$ cat structure-v1.pdb   # PDB, C-alpha atoms
ATOM      1  CA  MET A1084       0.000   0.000   0.000
ATOM      2  CA  HIS A1085       1.059   3.596  -0.509
ATOM      3  CA  ILE A1086       0.678   6.079   2.333
ATOM      4  CA  LYS A1087       2.131   9.471   3.195
ATOM      5  CA  VAL A1088       4.065   9.761   6.441
ATOM      6  CA  ASN A1089       4.799  13.350   7.456
ATOM      7  CA  GLY A1090       4.332  14.344   3.816
ATOM      8  CA  GLU A1091       6.707  11.695   2.436
ATOM      9  CA  LYS A1092       5.379   8.867   0.259
ATOM     10  CA  LYS A1093       6.041   5.394   1.661
ATOM     11  CA  GLU A1094       5.311   1.959   0.273
ATOM     12  CA  LEU A1095       4.464  -0.519   3.020
ATOM     13  CA  PRO A1096       2.838  -3.969   3.195
ATOM     14  CA  ASP A1097      -0.958  -4.039   3.112
ATOM     15  CA  GLY A1098      -2.890  -4.304   6.343
ATOM     16  CA  LEU A1099      -0.325  -2.807   8.710
ATOM     17  CA  THR A1100      -1.497  -1.411  12.002
ATOM     18  CA  ILE A1101      -0.091   1.868  13.270
ATOM     19  CA  GLU A1102       2.063  -0.108  15.709
ATOM     20  CA  ALA A1103       3.464  -2.291  12.896
ATOM     21  CA  MET A1104       4.132   0.795  10.737
ATOM     22  CA  LEU A1105       6.061   2.444  13.572
ATOM     23  CA  ASN A1106       8.108  -0.748  13.997
ATOM     24  CA  ALA A1107       8.765  -0.951  10.245
ATOM     25  CA  LEU A1108       9.983   2.653  10.270
ATOM     26  CA  SER A1109      12.056   2.110  13.468
ATOM     27  CA  ILE A1110      10.059   4.714  15.397
ATOM     28  CA  LYS A1111       9.525   4.177  19.114
ATOM     29  CA  ALA A1112       5.983   4.860  20.315
ATOM     30  CA  VAL A1113       7.192   6.665  23.446
ATOM     31  CA  GLY A1114       6.466  10.391  23.469
ATOM     32  CA  ILE A1115       4.731  10.574  20.087
ATOM     33  CA  ALA A1116       1.275  11.370  18.797
ATOM     34  CA  VAL A1117      -0.093   9.873  15.576
ATOM     35  CA  GLU A1118      -2.740  11.405  13.357
ATOM     36  CA  VAL A1119      -4.324   9.460  10.490
ATOM     37  CA  ASN A1120      -6.288  11.459   7.936
ATOM     38  CA  ARG A1121      -6.384  14.450  10.300
ATOM     39  CA  GLU A1122      -7.728  12.464  13.282
ATOM     40  CA  ILE A1123      -5.589  11.751  16.350
ATOM     41  CA  VAL A1124      -5.406   8.056  17.181
ATOM     42  CA  PRO A1125      -5.197   7.202  20.905
ATOM     43  CA  LYS A1126      -2.021   5.283  21.753
ATOM     44  CA  ARG A1127      -4.087   2.391  23.147
ATOM     45  CA  LEU A1128      -5.435   1.806  19.608
ATOM     46  CA  PHE A1129      -2.068   1.707  17.783
ATOM     47  CA  GLY A1130      -2.095  -2.128  17.777
ATOM     48  CA  SER A1131      -5.630  -2.433  16.415
ATOM     49  CA  SER A1132      -5.891   0.533  14.010
ATOM     50  CA  ALA A1133      -5.196  -0.682  10.473
ATOM     51  CA  LEU A1134      -3.852   1.659   7.826
ATOM     52  CA  ASN A1135      -5.276   1.761   4.307
ATOM     53  CA  ASP A1136      -3.871   2.624   0.905
ATOM     54  CA  GLY A1137      -3.821   6.385   0.462
ATOM     55  CA  ASP A1138      -3.865   7.274   4.164
ATOM     56  CA  ALA A1139      -2.041  10.400   5.333
ATOM     57  CA  VAL A1140      -0.160   9.853   8.601
ATOM     58  CA  GLU A1141       1.452  12.555  10.720
ATOM     59  CA  ILE A1142       3.803  11.565  13.516
ATOM     60  CA  VAL A1143       4.691  14.211  16.058
ATOM     61  CA  ARG A1144       7.346  13.790  18.751
ATOM     62  CA  MET A1145       6.816  15.617  22.022
ATOM     63  CA  VAL A1146       9.770  17.798  23.001
ATOM     64  CA  GLY A1147      10.199  19.431  26.377
ATOM     65  CA  GLY A1148      12.272  22.411  27.268
ATOM     66  CA  GLY A1149      12.009  25.974  28.142
TER      67      GLY A1149
END
$ encode --input "structure-v1.pdb" --output "structure tokens"
Amino acid sequence: MHIKVNGEKKELPDGLTIEAMLNALSIKAVGIAVEVNREIVPKRLFGSSALNDGDAVEIVRMVGGG
């Protein structure tokens, strides 16, 4: 399937969950938020939320400081 991750086109296996996509892209789920098609996905649903061809995914890492 073809999806966009942070504006970059990616080709990934069909039927991946958000959790599997993060693993495939070597992204740790700690301290991030994921939005699929402009809707935030709760972290508890990463393992059960399947991605579809054409989805737009935004991954944001939380950064602290001051």
$ axis_aligned_box --input "structure-v1.pdb" --around "stretch 1107-1122 of chain A" --padding-each-side "3 Å" --output "lines of an AutoDock Vina configuration file"
center_x = 2.2
center_y = 6.7
center_z = 15.7
size_x = 25.8
size_y = 21.4
size_z = 21.5
$ closest_residue --input "structure-v1.pdb" --among "A:Ile1123, A:Leu1128, A:Ala1116, A:Met1145" --to "A:Glu1102" --atoms "all atoms listed in the file"
A:Leu1128
$ resolve_selection --input "structure-v1.pdb" --expression "the PyMOL selection byres ((chain A and resi 1100) around 10)" --output "PyMOL selection string"
chain A and resi 1097-1099+1101-1106+1128-1135
$ atom_distance --input "structure-v1.pdb" --atom1 "atom CA of A:Pro1125" --atom2 "atom CA of A:Arg1144"
14.3 Å
$ residues_around --input "structure-v1.pdb" --residues "A:Lys1092" --least-positions-apart "4" --cutoff "12 Å" --atoms "all atoms listed in the file" --output "list in words"
Met1084, His1085, Ile1086, Lys1087, Val1088, Asp1136, Gly1137, Asp1138, Ala1139, Val1140 and Glu1141 of chain A
$ atom_distance --input "structure-v1.pdb" --atom1 "atom CA of A:Glu1091" --atom2 "atom CA of A:Glu1118"
14.4 Å
$ closest_residue --input "structure-v1.pdb" --among "A:Ile1142, A:Glu1122, A:Arg1127, A:Glu1094" --to "A:Ile1110" --atoms "only C-alpha atoms"
A:Ile1142
$ decode --input "structure-v1.pdb" --residues "stretch 1090-1102 of chain A" --atoms "N, CA, C and O atoms" --output "mmCIF file, in the first residue's frame"
data_model
loop_
_atom_site.group_PDB
_atom_site.id
_atom_site.type_symbol
_atom_site.label_atom_id
_atom_site.label_comp_id
_atom_site.auth_asym_id
_atom_site.auth_seq_id
_atom_site.Cartn_x
_atom_site.Cartn_y
_atom_site.Cartn_z
ATOM 1 N N GLY A 1090 4.206 13.753 5.140
ATOM 2 C CA GLY A 1090 4.332 14.344 3.816
ATOM 3 C C GLY A 1090 5.197 13.576 2.843
ATOM 4 O O GLY A 1090 5.278 13.933 1.667
ATOM 5 N N GLU A 1091 5.822 12.491 3.289
ATOM 6 C CA GLU A 1091 6.707 11.695 2.436
ATOM 7 C C GLU A 1091 6.020 10.397 2.029
ATOM 8 O O GLU A 1091 5.506 9.663 2.880
ATOM 9 N N LYS A 1092 6.016 10.094 0.734
ATOM 10 C CA LYS A 1092 5.379 8.867 0.259
ATOM 11 C C LYS A 1092 6.176 7.651 0.702
ATOM 12 O O LYS A 1092 7.392 7.618 0.609
ATOM 13 N N LYS A 1093 5.445 6.659 1.215
ATOM 14 C CA LYS A 1093 6.041 5.394 1.661
ATOM 15 C C LYS A 1093 5.259 4.240 1.059
ATOM 16 O O LYS A 1093 4.048 4.314 0.921
ATOM 17 N N GLU A 1094 5.957 3.189 0.715
ATOM 18 C CA GLU A 1094 5.311 1.959 0.273
ATOM 19 C C GLU A 1094 5.525 0.919 1.361
ATOM 20 O O GLU A 1094 6.661 0.599 1.702
ATOM 21 N N LEU A 1095 4.417 0.429 1.917
ATOM 22 C CA LEU A 1095 4.464 -0.519 3.020
ATOM 23 C C LEU A 1095 3.527 -1.686 2.729
ATOM 24 O O LEU A 1095 2.616 -1.559 1.906
ATOM 25 N N PRO A 1096 3.729 -2.819 3.409
ATOM 26 C CA PRO A 1096 2.838 -3.969 3.195
ATOM 27 C C PRO A 1096 1.388 -3.634 3.546
ATOM 28 O O PRO A 1096 1.132 -2.843 4.458
ATOM 29 N N ASP A 1097 0.468 -4.238 2.845
ATOM 30 C CA ASP A 1097 -0.958 -4.039 3.112
ATOM 31 C C ASP A 1097 -1.324 -4.520 4.507
ATOM 32 O O ASP A 1097 -0.745 -5.468 5.026
ATOM 33 N N GLY A 1098 -2.313 -3.860 5.086
ATOM 34 C CA GLY A 1098 -2.890 -4.304 6.343
ATOM 35 C C GLY A 1098 -2.101 -3.993 7.593
ATOM 36 O O GLY A 1098 -2.411 -4.528 8.657
ATOM 37 N N LEU A 1099 -1.095 -3.139 7.514
ATOM 38 C CA LEU A 1099 -0.325 -2.807 8.710
ATOM 39 C C LEU A 1099 -1.161 -2.005 9.695
ATOM 40 O O LEU A 1099 -1.974 -1.174 9.311
ATOM 41 N N THR A 1100 -0.928 -2.261 10.969
ATOM 42 C CA THR A 1100 -1.497 -1.411 12.002
ATOM 43 C C THR A 1100 -0.537 -0.237 12.211
ATOM 44 O O THR A 1100 0.593 -0.246 11.710
ATOM 45 N N ILE A 1101 -0.975 0.748 12.956
ATOM 46 C CA ILE A 1101 -0.091 1.868 13.270
ATOM 47 C C ILE A 1101 1.140 1.359 14.016
ATOM 48 O O ILE A 1101 2.269 1.757 13.707
ATOM 49 N N GLU A 1102 0.945 0.455 14.950
ATOM 50 C CA GLU A 1102 2.063 -0.108 15.709
ATOM 51 C C GLU A 1102 3.066 -0.795 14.783
ATOM 52 O O GLU A 1102 4.279 -0.593 14.906
#
